[in-house]
Amino acid sequence: MAILLYPEVLVAIFLCFLFLCHLRWNKSRTITNWPVVGMLPGLLQNASDVHECVTWLLKQNGGTFKFKGPWFTNMTFMVTSDPMNIHHMFSKNFSNYTKGQKFQKLLHTVLKDDKFKLFFEQFVRGKVEQSLIPVLDHVSSFGIEVDLQDIFQRFTFDSACLVVLGFDPNCLSIEFPDVSHAKAFDQLEECLLYRHIVPESCWKLQRWLQIGIEKKLSSAWKIFDQFIYKCISSRQEELSQSKALKTEEEKFDLLTALEEQVEEIGGIIKSDKFLRDTAFNLMVAGRDTISAGLTWLFWIVATHPHVEAKILEEIKEHLLDNGKSKDFNIDEISNLLYLHGVICESLRLYPPVPFEHKCSVQFDILPSGHSISPNTTMLCSLYSMGRMESIWGQDYMDFKPERWISERGRILHAPSFKFIAFNAGPRTCIGKDIAFIQMKIIASAIIWNYHVHVVEGHPVSPSISILLHMKHGLKVRISKRNV
């Protein structure tokens with residue numbers, strides 16, 4: 001069981017990253033598949049360059065690359081950034097490429113509900129006004145240096161809890177409180193990745209012995225479970241009281257919507273554990289992707305003054321009434337076409353989820369000619385796709401929001417297999433519109449009221465994780481605009 005001795009830094013690395021950095025950042029170095037350990041040594045040598053490294057490897061191998069992991073670990077898989085392969089797996093032969101039980105999401109149909117959309121719009125605007133703006137006013141008035149990534153993670157954790165559970169933990173406030181269940185949530189995400197890195201027998205043994213990462217995972221689950229079950233119990237009690245008094249329930253949350261949906265088809269949810277697991281999955285989806293996307297977006301805006309100026313002009317044109325901010329609805333926020341282009345361009349270059357996972361069911365041959373055996377793990381590199389000249393042209397590294405706006409002044413929709421930040425084919429994320437609404441409301445509120453200055457000399461690089469957070473956060477100073 002030598003694998004038990006791997007450095008704990010690997011906890012932060014998802015299974016898909018095991019192949020990426022198998023050689024030094026040196027284009028003349030050959031790819032080495034060593035006996036027994038496979039290509040794993042390269043990971044330990046080049047983990048800090050993981051995203052750029054895989055991009056270079058894919059370019060050198062025509063957009064598709066096969067990684068061979070250590071023997072007896074079932075860690076051989078195929079990586080691709082080829083749009084035709086993406087289209088094949090996500091659409092044409094979709095049924096042959098599953099996401100596996102560990103990656104399935106629930107409650108997709110609920111997000112289409114008009115009641116939810118209205119609730120979500122009102123909630124985001126209220127959270128911006130009652131939490132985000134006061135915090136930014138506070139740090140700007142005192143000239144405090146602040147981590148904008150931390151602010152967005154607090155905002156989206158509050159948002160995810162309220163949307164999913166009907167409870168706002170108020171992590172985002174001027175006190176920047178330490179919240180135990182928020183920390184436990186972060187620990188859960190980190191520890192669960194470990195199970196994708198080592199053989200199943202390894203982590204199960206650690207769980208049985210209660211040592212290492214599995215001990216931390218158990219502790220985090222206890223804290224998070226106390227929080228989740230308390231929220232579920234309180235919400236169920238509120239619903240029971242409403243039914244007993246025959247009053248109309250005004251609050252909305254996804255777990256309650258799930259229960260109602262199951263009841264409508266004559267089913268029954270047998271345990272609170274099912275609700276807990278569902279809540280966790282939804283909170284992961286609703287918290288980290290948005291916070292990561294916003295962080296990279298504001299770094300780009302802060303370092304591209306002409307982009308910031310154009311966004312300000314667009315806000316002035318569409319969201320102001322006689323020079324003053326007005327109450328706006330979803331239709332009006334949708335008129336911010338340039339901001340939409342800025343968000344898309346940011347997601348192209350810095351996708352919150354840099355890799356998408358699939359698993360083959362039967363034998364297949366990709367359009368690129370690669371043979372795929374049954375039960376082969378497939379990794380699609382979204383990060384690399386945004387950096388391919390063959391996909392985006394010679395200006396692929398230029399930040400150009402105009403790339404997403406037609407000559408007639410309308411949004412240009414890139415094919416989903418070319419731009420898969422929101423997945424593609426039958427699994428296209430139905431929360432896409434909601435994500436854009438949330439990002440536009442937050443971005444327009446901040447950009448119109450404040451100027452964000454990145455602290456001079458602050459290092460900016462992606463973290464090595466399943467999500468594209470900034471490794472060192474985003475240290476900024478915020479000044480209020482004279483509007």
# chains A, B, ... in the order shown; residues from 1 in each chain; ligands from 1

$ select_by_dssp --residues "segment 32-72 of chain A" --states "strand (DSSP E or B)" --output "list in words"
Trp34, Gly38, Thr64, Phe65, Lys66 and Phe67 of chain A

$ write_last_selection --atoms "N, CA, C and O atoms" --output "PDB file, in the first residue's frame"
ATOM      1  N   TRP A  34       6.703   5.312 -17.868  1.00  0.00           N
ATOM      2  CA  TRP A  34       7.618   4.473 -17.102  1.00  0.00           C
ATOM      3  C   TRP A  34       6.954   3.144 -16.698  1.00  0.00           C
ATOM      4  O   TRP A  34       5.745   3.075 -16.533  1.00  0.00           O
ATOM      5  N   GLY A  38       3.917   4.409 -14.671  1.00  0.00           N
ATOM      6  CA  GLY A  38       3.325   5.074 -15.813  1.00  0.00           C
ATOM      7  C   GLY A  38       3.822   6.495 -15.977  1.00  0.00           C
ATOM      8  O   GLY A  38       5.020   6.771 -15.877  1.00  0.00           O
ATOM      9  N   THR A  64      -5.788  15.372 -29.059  1.00  0.00           N
ATOM     10  CA  THR A  64      -6.233  14.221 -28.270  1.00  0.00           C
ATOM     11  C   THR A  64      -5.015  13.455 -27.768  1.00  0.00           C
ATOM     12  O   THR A  64      -4.061  13.236 -28.523  1.00  0.00           O
ATOM     13  N   PHE A  65      -5.045  13.055 -26.518  1.00  0.00           N
ATOM     14  CA  PHE A  65      -3.868  12.443 -25.891  1.00  0.00           C
ATOM     15  C   PHE A  65      -4.302  11.346 -24.931  1.00  0.00           C
ATOM     16  O   PHE A  65      -5.261  11.500 -24.187  1.00  0.00           O
ATOM     17  N   LYS A  66      -3.579  10.213 -24.954  1.00  0.00           N
ATOM     18  CA  LYS A  66      -3.885   9.101 -24.057  1.00  0.00           C
ATOM     19  C   LYS A  66      -2.892   9.066 -22.907  1.00  0.00           C
ATOM     20  O   LYS A  66      -1.678   9.027 -23.123  1.00  0.00           O
ATOM     21  N   PHE A  67      -3.407   9.071 -21.703  1.00  0.00           N
ATOM     22  CA  PHE A  67      -2.565   8.996 -20.508  1.00  0.00           C
ATOM     23  C   PHE A  67      -2.602   7.587 -19.930  1.00  0.00           C
ATOM     24  O   PHE A  67      -3.664   6.981 -19.811  1.00  0.00           O
TER      25      PHE A  67
END

$ residues_around --residues "Leu347 of chain A" --least-positions-apart "5" --cutoff "8 Å" --atoms "only C-alpha atoms" --output "count of residues only"
3

$ closest_residue --among "A:Phe72, A:Phe363, A:Tyr450, A:Trp392" --to "Phe419 of chain A" --atoms "only C-alpha atoms"
A:Trp392

$ closest_residue --among "A:Ser234, A:Thr76, A:Thr55, A:Gln438" --to "Met385 of chain A" --atoms "only C-alpha atoms"
A:Thr55

$ closest_residue --among "A:Ser180, A:Ser360, A:Thr295, A:Gln241" --to "Ser95 of chain A" --atoms "only C-alpha atoms"
A:Ser360

$ closest_residue --among "A:Ser91, A:Gln236, A:Gln122, A:Gln210" --to "Ile330 of chain A" --atoms "only C-alpha atoms"
A:Gln122

$ residues_around --residues "Asn85 of chain A" --least-positions-apart "2" --cutoff "7 Å" --atoms "only C-alpha atoms" --output "ChimeraX atom specification"
/A:82-83,87-89,366-368

$ write_last_selection --atoms "C-alpha atoms" --output "PDB file, in the first residue's frame"
ATOM      1  CA  ASP A  82     -10.985  18.347 -30.423  1.00  0.00           C
ATOM      2  CA  PRO A  83     -14.437  19.910 -31.120  1.00  0.00           C
ATOM      3  CA  HIS A  87     -19.569  16.819 -30.525  1.00  0.00           C
ATOM      4  CA  HIS A  88     -19.390  13.058 -30.952  1.00  0.00           C
ATOM      5  CA  MET A  89     -19.361  12.303 -27.213  1.00  0.00           C
ATOM      6  CA  LEU A 366     -13.682   8.932 -32.158  1.00  0.00           C
ATOM      7  CA  PRO A 367     -13.734  11.199 -35.231  1.00  0.00           C
ATOM      8  CA  SER A 368     -10.011  11.756 -34.558  1.00  0.00           C
TER       9      SER A 368
END

$ select_by_dssp --residues "segment 126-235 of chain A" --states "alpha helix (DSSP H)" --output "PyMOL selection string"
chain A and resi 126-127+133-141+148-165+180-194+200-209+212-235
